[in-house]
Each structure stands twice: as structure tokens, then as C-alpha cells.
Amino acid sequence: MSDLFSVAGRVALVTGGTSGIGYMIAKGLVAHGAKTYIVGRSADSCGAVAEELSSFGTCLPLVADLSAVDGVNALAVALAEREDALHILVNNAGAMYEAPLGAFTEEGWDQVVDLNLKSVFFLTQALVPQLRAGASDERPAAVVNIGSMGGTRVGPKENYSYQAAKAGLHHLTGSLGKRLGAEHITVNAIAPGFFPSRLTVITDEQMPAIMQLVPRRRMGRDDDIVGAVIHLASRAGGFITGAVIPLDGGMTL
Amino acid sequence: MNNNLFDITGKVALITGGANGMGRMIAEGLVRAGARVYITSRKPADCETAAEELRQFGECFAIPADLSPAEAVVALADTLKEKEQRLDILINNAGRTWGAPLESFPDKAWAPIMEVNVQGPFTLIRELLPLLRKSGEADRDNPARVINIGSLAGKMVEPLPAYSYMASKAAIHHLSRVLAAELAGDNITVNAIVPGYFPTKMTAHIRQEEDVSQEFLSRVPLGRYGTAEDIVGLCIFLSSRAGAYMTGGEHIVDGGMFGCH
């Protein structure tokens with residue numbers, strides 16, 4: 001039981017791993033001994049972050065644009081060239097678009113739904129052979145989808161496509177979990193509340209009022225998301241699948 | 001953030017119903033992880049024997065106690081207060097069930113089930129608030145934790161003639177959320193764990209016949225029963241720094257029965 005939470009030696013892929021929550025997750029997995037591939041659009045930033053995180057362990061960059069299925073498939077091919085088995089897939093890359101109902105554009109709908117929902121499905125589909133190779137009865141392979149409290153509650157923002165895509169992602173988690181359970185691949189979603197990221201812009205003036213909405217009275221941070229991901233990705237989380245796990249300091253109560 | 005994200009060494013824990021079944025699994029896991037664990041059980045001899053067996057792995061003490069009537073719960077809390085200044089982890093695990101066909105389900109199958117499964121945990125939390133607050137006020141980043149063990153049968157409709165049990169478990173899930181909101185200001189998190197089917201006395205009737213068991217397991221996406229590691233992993237996660245931001249959650253650990261339904 002001593003290695004119940006171990007991810008040492010596991011192969012992980014984190015999309016959107018160069019900033020925000022994805023960066024926190026990547027850093028945590030690297031520091032806990034997983035061989036971690038981070039995916040980003042920009043070769044420069046992806047390479048720089050991978051080099052920085054390599055001081056804690058093994059971190060490798062994979063450059064890909066996941067906004068279209070071509071890019072998704074190219075990423076899957078690139079990973080397959082490097083690894084036979086994948087143990088941990090973190091579908092984290094996401095975009096947000098916000099506009100008043102009357103001005104909400106088709107582009108603002110498509111770019112968000114394509115990246116936050118469609119690409120997650122097709123990347124997972126494309127990586128099933130590697131996940132299968134990394135899965136066993138004793139140690140399942142783990143797909144962790146980063147959802148959002150925006151997918152479980154209607155917030156104040158007019159980010160219609162974001163909320164719909166995240167709710168869709170939560171439901172897709174159960175659909176994929178059902179299909180992949182027999183192959184010892186778990187599929188879960190974490191629904192974060194406020195974490196510091198490009199998608200969560202809160203000014204210093206706004207912060208005190210916003211923290212009043214969070215029972216734990218703080219934003220989420222690296223330990224919180226890393227802990228939740230490692231719990232699901234280690235043997236400790238091996239009986240959990242199809243779950244949508246709020247990580248919001250009680251904000252959705 | 002490296003080694004000690006899931007560390008619970010030295011934490012003081014109380015686990016009701018810790019001598020048998022799932023409570024025993026949790027107790028052993030927490031003792032092995034270095035916590036100082038108190039277990040309760042209705043039968044004094046069982047409780048002492050279990051504590052003695054668990055002491056081979058670390059610190060474990062028996063407090064024989066029933067969770068009904070309310071006076072017994074108060075007495076249990078008083079006993080702990082004599083021994084400890086603070087309580088870091090309270091796991092309300094003790095539970096009772098009652099099975100009978102709808103037509104003949106007796107009225108007497110309600111009060112004792114609600115008492116042990118809902119009122120008991122409530123009274124215990126209320127009485128132990130001073131010790132939980134003491135733990136919570138020490139370090140804002142390390143809240144005191146209350147974990148209530150609910151059930152999948154309180155979350156989805158399972159084919160069991162256990163009407164009061166299922167209602168009581170739905171009640172404890174909701175009570176967890178209510179108390180999570182109320183106690184956040186005291187730096188106490190409250191979460192519910194919603195277990196599916198684990199190898200305990202409550203599932204013996206399914207597991208003992210091979211064909212019944214196989215038919216049941218075909219409903220579980222991961223195709224197996226829960227294990228000690230599954231429930232211990234979740235309890236340690238929620239009790240450690242890794243789980244400090246989570247409160248008011250219903251943490252389902254069921255092999256996918258609910259989420260893939």
C-alpha cells in the first residue's frame with residue numbers, strides 16, 4: 001500500500017501543458033516521477049517549458065494544434081512514434097469565448113466546442129491503442145478530462161459555447177468510461193472552480209468579492225489540481241470511472 | 001509539493017464502525033499511513049480485538065460505543081475529548097440496514113436506521129465541533145476533515161428492498177453538503193464518499209452465489225468489486241493536503257456504475 005499514490009515511471013500526456021492548470025498538472029506529474037509529454041501550439045514556449053520542467057524529472061515537448069482533427073491525429077502519431085504505452089492522458093487544453101447573446105458568433109461557438117469537446121473525443125479515440133497497452137487489471141490507464149464548474153452550474157458570464165462544451169465533456173466522460181471500463185481504462189473529469197489561468201482573469205479589486213463566493217476563501221492552486229489528478233491516475237483511484245469531480249473549494253454548493 | 005502531498009502522519013482520526021467491514025479497511029489504511037486512529041464499535045470485545053490487531057501497524061485505540069441513542073453519541077464524544085485536544089479526521093462510517101419487501105416493510109425499520117445513519121453522524125459532528133475547530137484553526141492550509149460514508153444506494157435506484165437505508169444515505173449525502181457550507185468558515189471540510197459494492201457483510205448475499213455475482217458484475221463498467229485500497233486511497237486523498245480544497249463533494253467510488261449509467 002506504500003506506493004498507493006505512485007505515478008513513478010508512468011507515461012503521461014498533458015495537452016495545454018505550457019500554462020495555467022495544464023502547467024501545474026505537468027509539473028506535478030514530472031515531480032512525482034512520471035515521464036510527461038506536454039503539448040502546446042507554440043514550439044518556442046512548449047520547448048522552453050519542457051526544458052524548465054526537466055529539472056524536476058522527465059518532460060518532453062510535443063508541438064500540436066488541437067483546434068482541428070488533423071492536428072489531433074498528428075499528435076497521436078507523434079506520441080505513437082515515441083511510446084508503445086500511455087498510462088495517463090490529461091485532456092486539459094481549452095479555450096473560452098464570451099460575448100452577449102445577440103453578438104455571439106459562429107466562430108466563437110466553433111472554436112470553443114472544437115477544442116474543448118471535439119478534440120478531446122478524437123484524441124482519446126486515437127490514443128486508445130496506447131492506453132490499452134498501458135492498462136492492466138491491477139493498474140488501469142487513466143484518462144482525466146479537465147472540465148469546469150461552468151459545465152455544472154450557470155455562472156454570471158455569457159460564455160455559452162464554453163459552458164455547453166464543458167457540460168458535454170462531463171457527459172462524454174461517462175460515455176467513454178462505460179466503453180473503456182472493460183479494457184481497464186478509467187475516464188474521469190475534474191471540474192475546477194477558480195484557478196489562476198488565462199481563462200480566469202480576476203483583478204485585485206475584484207478578488208475580495210469573488211473570494212466571498214468560495215467557501216474555502218481562496219483560489220485553487222497546484223497542490224489541489226495535482227493531488228486530484230494523481231489520485232485518479234494512481235492505483236488509489238483505480239475503482240473510479242465516469243465521475244465528475246468538483247474541485248472548487250465548495251463554490252458550487 | 002513532492003513527497004508529502006498525501007501525507008497524514010500524526011493526524012488524529014476517529015472512525016465509527018471501525019472494527020468491521022469497510023470501517024475496518026479504512027482504519028487499517030489510516031493506521032498504516034501513520035495516523036493515530038480511534039475506532040468505535042457496538043460490541044466492546046470486537047472493538048478491543050480489532051484495535052489490538054491494528055496496533056501491529058501503528059497507533060490504534062478502541063472506544064466501544066453505539067451511535068444510538070443520541071446520549072450514547074454524546075458519551076462517545078466526551079470519551080474522545082478526555083483523550084485528545086483536537087480531531088483532524090472524523091469518518092462517520094457506522095451504518096445499519098434493514099431489508100424487507102415493500103408490502104411488509106415494517107415501521108420499526110425506520111427510526112433505528114435513520115438514527116444510526118443520519119442522526120448519529122450529525123450529533124457526533126455537533127459534539128466534536130470544539131475538537132474539529134481546534135484542528136482547523138491551527139493551519140488555514142490544513143483544514144479538519146469530516147468524511148461521511150454514504151452509499152450508491154442513496155444516489156441511484158438500486159434493486160434492494162432497503163427503503164429506509166436508501167433514504168438515509170441520500171439524507172447523509174445532502175447533510176454533508178449543508179454542513180460543508182456551514183463549516184467552511186471554521187476551516188473544516190465535509191465530504192461524502194459514495195461507495196458502490198465492496199466485499200462487506202452488506203453485499204454477501206450477492207457475492208456468495210457465483211451466477212448472481214457474475215450477473216451483478218456485468219453492471220459494473222470496471223467489472224469488479226471495490227477493494228480496501230480503493231476506499232483507503234480516497235479517504236487518504238480527502239484527508240491529506242492533496243484534498244484540502246475539496247468540500248461538499250460526493251465522491252463516488254463504484255467502478256463506474258453511477259457515472260456511466
# chains A, B, ... in the order shown; residues from 1 in each chain; ligands from 1

call {"tool": "closest_atom_pairs", "arguments": {"of": "chain A", "to": "chain B", "cutoff": "7 Å", "atoms": "only C-alpha atoms", "output": "CSV"}}
result
residue,atom,partner,partner_atom,distance
A:Leu4,CA,B:Gly233,CA,7.0
A:Ala31,CA,B:Asn2,CA,6.3
A:His32,CA,B:Asn2,CA,6.3
A:Gly174,CA,B:Cys260,CA,4.3
A:Ser175,CA,B:Cys260,CA,6.1
A:Gly177,CA,B:Cys260,CA,6.2
A:Lys178,CA,B:Cys260,CA,5.1
A:Gly181,CA,B:Leu222,CA,4.7
A:Ala182,CA,B:Leu222,CA,5.7
A:His184,CA,B:Leu222,CA,6.6
A:Pro215,CA,B:Ala184,CA,5.5
A:Arg216,CA,B:Ala184,CA,5.9
A:Gly220,CA,B:Tyr245,CA,6.9
A:Asp223,CA,B:Ala242,CA,5.8
A:Asp224,CA,B:Ala242,CA,5.5
A:Gly227,CA,B:Ala242,CA,4.3
A:Ala228,CA,B:Ala242,CA,6.8
A:His231,CA,B:Phe237,CA,6.8
A:Ala236,CA,B:Gly233,CA,4.4
A:Gly237,CA,B:Asp230,CA,6.4
A:Gly238,CA,B:Asp230,CA,6.7
A:Phe239,CA,B:Gly255,CA,4.7
A:Ile240,CA,B:Val253,CA,5.0
A:Thr241,CA,B:Gly256,CA,4.6
A:Gly242,CA,B:Gly259,CA,4.2
A:Ala243,CA,B:Gly259,CA,5.2
A:Pro246,CA,B:Gly249,CA,6.7
A:Leu247,CA,B:Met246,CA,5.7
A:Asp248,CA,B:Met246,CA,6.6
A:Gly249,CA,B:Tyr245,CA,4.8
A:Gly250,CA,B:Thr247,CA,5.0
A:Leu253,CA,B:Gly248,CA,6.6

call {"tool": "residues_around", "arguments": {"residues": "stretch 66-78 of chain A", "least_positions_apart": "4", "cutoff": "12 Å", "atoms": "only C-alpha atoms", "output": "number ranges by chain"}}
result
A: 13-16, 37-42, 60-62, 82-86, 89, 91-95, 110-131

call {"tool": "atom_distance", "arguments": {"atom1": "atom CA of A:Arg221", "atom2": "atom CA of A:Pro196"}}
result
7.5 Å

call {"tool": "closest_atom_pairs", "arguments": {"of": "stretch 146-202 of chain B", "to": "stretch 76-91 of chain B", "cutoff": "9 Å", "atoms": "only C-alpha atoms", "output": "Markdown table"}}
result
| residue | atom | partner | partner_atom | distance |
| --- | --- | --- | --- | --- |
| B:Val146 | CA | B:Leu90 | CA | 4.8 |
| B:Ile147 | CA | B:Ile91 | CA | 4.7 |
| B:Asn148 | CA | B:Ile91 | CA | 5.9 |
| B:Ile149 | CA | B:Ile91 | CA | 7.3 |

call {"tool": "residues_around", "arguments": {"residues": "stretch 137-148 of chain A", "least_positions_apart": "2", "cutoff": "6 Å", "atoms": "only C-alpha atoms", "output": "ChimeraX atom specification"}}
result
/A:87-92,131,134-135,150-151,166,184-192,233,235

call {"tool": "residues_around", "arguments": {"residues": "B:Met22", "least_positions_apart": "5", "cutoff": "9 Å", "atoms": "only C-alpha atoms", "output": "list of chain:residue names"}}
result
B:Gly17, B:Ala27, B:Asn93, B:Phe198, B:Pro199, B:Thr200, B:Ala228, B:Ile231

call {"tool": "write_last_selection", "arguments": {"atoms": "N, CA and C atoms", "output": "JSON list (two decimals), in the first residue's frame"}}
result
[["chain", "number", "residue", "atom", "x", "y", "z"],
["B", 17, "GLY", "N", -17.65, 2.58, 13.62],
["B", 17, "GLY", "CA", -17.81, 1.28, 12.97],
["B", 17, "GLY", "C", -16.49, 0.79, 12.39],
["B", 27, "ALA", "N", -9.73, 1.95, 8.66],
["B", 27, "ALA", "CA", -8.92, 2.07, 9.87],
["B", 27, "ALA", "C", -7.51, 1.53, 9.61],
["B", 93, "ASN", "N", -18.65, 6.31, 9.53],
["B", 93, "ASN", "CA", -18.78, 5.12, 8.70],
["B", 93, "ASN", "C", -19.85, 4.16, 9.19],
["B", 198, "PHE", "N", -18.69, -3.16, -2.26],
["B", 198, "PHE", "CA", -17.43, -3.62, -1.68],
["B", 198, "PHE", "C", -17.68, -4.95, -0.97],
["B", 199, "PRO", "N", -16.63, -5.75, -0.77],
["B", 199, "PRO", "CA", -16.81, -7.05, -0.11],
["B", 199, "PRO", "C", -17.03, -6.88, 1.39],
["B", 200, "THR", "N", -18.24, -6.55, 1.78],
["B", 200, "THR", "CA", -18.61, -6.46, 3.19],
["B", 200, "THR", "C", -19.83, -7.33, 3.43],
["B", 228, "ALA", "N", -10.00, -2.75, -0.48],
["B", 228, "ALA", "CA", -9.55, -1.88, 0.61],
["B", 228, "ALA", "C", -8.77, -0.70, 0.07],
["B", 231, "ILE", "N", -11.01, 2.25, -1.23],
["B", 231, "ILE", "CA", -11.65, 3.13, -0.25],
["B", 231, "ILE", "C", -10.59, 3.87, 0.58]]

call {"tool": "residues_around", "arguments": {"residues": "B:Cys47", "least_positions_apart": "5", "cutoff": "8 Å", "atoms": "only C-alpha atoms", "output": "PDB file with N, CA and C atoms, in the first residue's frame"}}
result
ATOM      1  N   GLY B  18     -15.398   1.073  13.079  1.00  0.00           N
ATOM      2  CA  GLY B  18     -14.071   0.777  12.533  1.00  0.00           C
ATOM      3  C   GLY B  18     -13.570  -0.632  12.790  1.00  0.00           C
ATOM      4  N   ALA B  19     -14.387  -1.460  13.426  1.00  0.00           N
ATOM      5  CA  ALA B  19     -13.909  -2.807  13.756  1.00  0.00           C
ATOM      6  C   ALA B  19     -14.204  -3.822  12.665  1.00  0.00           C
ATOM      7  N   ILE B  39     -11.096   3.782  16.899  1.00  0.00           N
ATOM      8  CA  ILE B  39     -12.214   3.104  16.237  1.00  0.00           C
ATOM      9  C   ILE B  39     -13.319   2.853  17.258  1.00  0.00           C
ATOM     10  N   THR B  40     -14.556   2.945  16.770  1.00  0.00           N
ATOM     11  CA  THR B  40     -15.688   2.600  17.631  1.00  0.00           C
ATOM     12  C   THR B  40     -16.376   1.369  17.068  1.00  0.00           C
ATOM     13  N   SER B  41     -17.022   0.651  17.965  1.00  0.00           N
ATOM     14  CA  SER B  41     -17.862  -0.461  17.562  1.00  0.00           C
ATOM     15  C   SER B  41     -18.860  -0.707  18.682  1.00  0.00           C
ATOM     16  N   ARG B  42     -20.000  -1.274  18.314  1.00  0.00           N
ATOM     17  CA  ARG B  42     -21.038  -1.514  19.308  1.00  0.00           C
ATOM     18  C   ARG B  42     -20.609  -2.564  20.329  1.00  0.00           C
ATOM     19  N   ALA B  62      -9.369   1.587  20.917  1.00  0.00           N
ATOM     20  CA  ALA B  62     -10.787   1.225  20.844  1.00  0.00           C
ATOM     21  C   ALA B  62     -11.623   2.126  21.748  1.00  0.00           C
ATOM     22  N   ILE B  63     -12.758   2.576  21.220  1.00  0.00           N
ATOM     23  CA  ILE B  63     -13.776   3.233  22.051  1.00  0.00           C
ATOM     24  C   ILE B  63     -15.101   2.522  21.768  1.00  0.00           C
ATOM     25  N   PRO B  64     -15.444   1.533  22.595  1.00  0.00           N
ATOM     26  CA  PRO B  64     -16.720   0.841  22.373  1.00  0.00           C
ATOM     27  C   PRO B  64     -17.868   1.837  22.535  1.00  0.00           C
TER      28      PRO B  64
END

call {"tool": "select_by_dssp", "arguments": {"residues": "stretch 21-251 of chain B", "states": "helix (DSSP H, G or I)", "output": "PyMOL selection string"}}
result
chain B and resi 21-32+44-54+70-83+102-104+107-109+111-138+152-154+163-186+201-207+210-217+228-239+241-243

call {"tool": "atom_distance", "arguments": {"atom1": "atom CA of A:Gly33", "atom2": "atom CA of A:Thr58"}}
result
7.5 Å

call {"tool": "select_by_dssp", "arguments": {"residues": "stretch 37-113 of chain B", "states": "strand (DSSP E or B)", "output": "JSON, numbers by chain"}}
result
{"B": [37, 38, 39, 40, 41, 60, 61, 62, 63, 64, 89, 90, 91, 92]}

call {"tool": "write_last_selection", "arguments": {"atoms": "N, CA and C atoms", "output": "PDB file, in the first residue's frame"}}
result
ATOM      1  N   VAL B  37      -5.341   6.513  15.274  1.00  0.00           N
ATOM      2  CA  VAL B  37      -6.718   6.188  14.922  1.00  0.00           C
ATOM      3  C   VAL B  37      -7.506   5.639  16.110  1.00  0.00           C
ATOM      4  N   TYR B  38      -8.673   6.213  16.341  1.00  0.00           N
ATOM      5  CA  TYR B  38      -9.643   5.675  17.295  1.00  0.00           C
ATOM      6  C   TYR B  38     -10.754   4.999  16.499  1.00  0.00           C
ATOM      7  N   ILE B  39     -11.096   3.782  16.899  1.00  0.00           N
ATOM      8  CA  ILE B  39     -12.214   3.104  16.237  1.00  0.00           C
ATOM      9  C   ILE B  39     -13.319   2.853  17.258  1.00  0.00           C
ATOM     10  N   THR B  40     -14.556   2.945  16.770  1.00  0.00           N
ATOM     11  CA  THR B  40     -15.688   2.600  17.631  1.00  0.00           C
ATOM     12  C   THR B  40     -16.376   1.369  17.068  1.00  0.00           C
ATOM     13  N   SER B  41     -17.022   0.651  17.965  1.00  0.00           N
ATOM     14  CA  SER B  41     -17.862  -0.461  17.562  1.00  0.00           C
ATOM     15  C   SER B  41     -18.860  -0.707  18.682  1.00  0.00           C
ATOM     16  N   CYS B  60      -3.526   2.582  17.330  1.00  0.00           N
ATOM     17  CA  CYS B  60      -4.968   2.384  17.205  1.00  0.00           C
ATOM     18  C   CYS B  60      -5.579   2.099  18.572  1.00  0.00           C
ATOM     19  N   PHE B  61      -6.687   2.750  18.865  1.00  0.00           N
ATOM     20  CA  PHE B  61      -7.339   2.615  20.167  1.00  0.00           C
ATOM     21  C   PHE B  61      -8.824   2.367  19.995  1.00  0.00           C
ATOM     22  N   ALA B  62      -9.369   1.587  20.917  1.00  0.00           N
ATOM     23  CA  ALA B  62     -10.787   1.225  20.844  1.00  0.00           C
ATOM     24  C   ALA B  62     -11.623   2.126  21.748  1.00  0.00           C
ATOM     25  N   ILE B  63     -12.758   2.576  21.220  1.00  0.00           N
ATOM     26  CA  ILE B  63     -13.776   3.233  22.051  1.00  0.00           C
ATOM     27  C   ILE B  63     -15.101   2.522  21.768  1.00  0.00           C
ATOM     28  N   PRO B  64     -15.444   1.533  22.595  1.00  0.00           N
ATOM     29  CA  PRO B  64     -16.720   0.841  22.373  1.00  0.00           C
ATOM     30  C   PRO B  64     -17.868   1.837  22.535  1.00  0.00           C
ATOM     31  N   ILE B  89      -9.430  14.226  11.670  1.00  0.00           N
ATOM     32  CA  ILE B  89     -10.206  13.468  10.684  1.00  0.00           C
ATOM     33  C   ILE B  89     -11.337  12.724  11.406  1.00  0.00           C
ATOM     34  N   LEU B  90     -12.565  13.007  11.032  1.00  0.00           N
ATOM     35  CA  LEU B  90     -13.710  12.263  11.566  1.00  0.00           C
ATOM     36  C   LEU B  90     -14.362  11.505  10.418  1.00  0.00           C
ATOM     37  N   ILE B  91     -14.391  10.202  10.509  1.00  0.00           N
ATOM     38  CA  ILE B  91     -15.018   9.401   9.451  1.00  0.00           C
ATOM     39  C   ILE B  91     -16.267   8.719  10.021  1.00  0.00           C
ATOM     40  N   ASN B  92     -17.416   9.227   9.589  1.00  0.00           N
ATOM     41  CA  ASN B  92     -18.698   8.652  10.007  1.00  0.00           C
ATOM     42  C   ASN B  92     -19.024   7.486   9.086  1.00  0.00           C
TER      43      ASN B  92
END

call {"tool": "atom_distance", "arguments": {"atom1": "atom CA of A:Gly9", "atom2": "atom CA of A:Glu52"}}
result
19.4 Å

call {"tool": "residues_around", "arguments": {"residues": "B:Ser168", "least_positions_apart": "5", "cutoff": "12 Å", "atoms": "only C-alpha atoms", "output": "list in words"}}
result
Gly95, Arg96, Thr97, Trp98, Ala109, Trp110, Ala111, Pro112, Ile113, Met114, Glu115, Val116, Asn117, Val118, Gln119, Gly120, Pro121, Ile149, Gly150, Ser151, Leu152, Ala153, Gly154, Lys155, Ala162, Tyr163, His173, His174 and Leu175 of chain B

call {"tool": "closest_residue", "arguments": {"among": "A:Ala165, A:Val201, A:Val244, A:Val49", "to": "A:Ala26", "atoms": "only C-alpha atoms"}}
result
A:Val49

call {"tool": "decode", "arguments": {"residues": "stretch 84-180 of chain B", "atoms": "C-alpha atoms", "output": "short mmCIF file (atom, residue, chain, number, x, y, z; two decimals), in the first residue's frame"}}
result
data_model
loop_
_atom_site.label_atom_id
_atom_site.label_comp_id
_atom_site.auth_asym_id
_atom_site.auth_seq_id
_atom_site.Cartn_x
_atom_site.Cartn_y
_atom_site.Cartn_z
CA GLU B 84 -7.44 14.33 22.66
CA GLN B 85 -7.29 18.10 22.37
CA ARG B 86 -8.04 18.12 18.66
CA LEU B 87 -9.55 15.90 15.99
CA ASP B 88 -8.13 16.11 12.46
CA ILE B 89 -10.21 13.47 10.68
CA LEU B 90 -13.71 12.26 11.57
CA ILE B 91 -15.02 9.40 9.45
CA ASN B 92 -18.70 8.65 10.01
CA ASN B 93 -18.78 5.12 8.70
CA ALA B 94 -21.01 3.14 11.06
CA GLY B 95 -24.24 2.16 9.38
CA ARG B 96 -27.23 -0.14 9.63
CA THR B 97 -29.51 -1.57 7.02
CA TRP B 98 -32.84 -3.37 7.02
CA GLY B 99 -34.26 -5.42 4.19
CA ALA B 100 -37.88 -6.45 3.72
CA PRO B 101 -40.38 -6.49 0.84
CA LEU B 102 -42.28 -3.26 0.32
CA GLU B 103 -45.61 -4.76 1.37
CA SER B 104 -44.27 -5.93 4.69
CA PHE B 105 -41.57 -3.32 5.31
CA PRO B 106 -42.19 -2.53 8.98
CA ASP B 107 -42.43 0.91 10.56
CA LYS B 108 -39.89 -0.19 13.13
CA ALA B 109 -37.31 -0.38 10.29
CA TRP B 110 -37.19 3.40 10.03
CA ALA B 111 -36.21 5.02 13.31
CA PRO B 112 -33.18 2.85 14.13
CA ILE B 113 -31.78 3.16 10.61
CA MET B 114 -32.19 6.94 10.48
CA GLU B 115 -30.74 7.18 13.99
CA VAL B 116 -27.54 5.34 13.18
CA ASN B 117 -27.05 6.50 9.58
CA VAL B 118 -28.07 10.18 9.80
CA GLN B 119 -28.76 11.44 13.30
CA GLY B 120 -25.71 9.72 14.80
CA PRO B 121 -23.23 11.36 12.40
CA PHE B 122 -24.96 14.72 12.91
CA THR B 123 -24.81 14.50 16.69
CA LEU B 124 -21.20 13.32 16.61
CA ILE B 125 -20.14 16.22 14.38
CA ARG B 126 -22.02 18.67 16.62
CA GLU B 127 -20.44 17.31 19.80
CA LEU B 128 -16.94 17.15 18.30
CA LEU B 129 -17.02 20.68 16.83
CA PRO B 130 -14.66 22.04 19.52
CA LEU B 131 -12.04 19.42 18.65
CA LEU B 132 -12.53 19.84 14.89
CA ARG B 133 -12.33 23.64 15.16
CA LYS B 134 -9.16 23.30 17.20
CA SER B 135 -7.64 21.27 14.37
CA GLY B 136 -8.89 23.69 11.72
CA GLU B 137 -7.63 26.84 13.39
CA ALA B 138 -4.07 25.58 13.62
CA ASP B 139 -3.33 25.94 9.90
CA ARG B 140 -5.55 27.55 7.27
CA ASP B 141 -3.95 25.33 4.61
CA ASN B 142 -4.67 22.15 6.53
CA PRO B 143 -8.37 22.00 7.35
CA ALA B 144 -10.00 19.49 9.67
CA ARG B 145 -11.86 16.85 7.66
CA VAL B 146 -15.22 15.20 8.11
CA ILE B 147 -15.91 12.29 5.79
CA ASN B 148 -19.37 10.77 5.78
CA ILE B 149 -19.70 7.32 4.25
CA GLY B 150 -22.86 7.31 2.15
CA SER B 151 -23.87 4.75 -0.42
CA LEU B 152 -24.53 4.31 -4.11
CA ALA B 153 -27.99 3.16 -2.99
CA GLY B 154 -28.58 6.75 -1.84
CA LYS B 155 -27.55 8.13 -5.22
CA MET B 156 -29.20 5.88 -7.78
CA VAL B 157 -32.07 3.43 -7.71
CA GLU B 158 -30.67 0.04 -6.84
CA PRO B 159 -32.79 -3.14 -6.75
CA LEU B 160 -32.66 -3.57 -2.98
CA PRO B 161 -35.64 -3.78 -0.61
CA ALA B 162 -33.85 -1.49 1.84
CA TYR B 163 -36.11 1.54 1.78
CA SER B 164 -35.10 3.27 5.00
CA TYR B 165 -31.41 2.60 4.30
CA MET B 166 -31.54 4.14 0.83
CA ALA B 167 -33.40 7.21 2.08
CA SER B 168 -30.97 7.56 4.99
CA LYS B 169 -27.98 7.52 2.63
CA ALA B 170 -29.49 10.17 0.36
CA ALA B 171 -30.02 12.18 3.54
CA ILE B 172 -26.40 11.90 4.67
CA HIS B 173 -25.18 12.98 1.23
CA HIS B 174 -27.26 16.14 1.43
CA LEU B 175 -26.41 16.75 5.07
CA SER B 176 -22.74 16.64 4.06
CA ARG B 177 -23.27 19.46 1.59
CA VAL B 178 -25.23 21.51 4.11
CA LEU B 179 -22.53 21.12 6.76
CA ALA B 180 -19.76 21.76 4.21
#
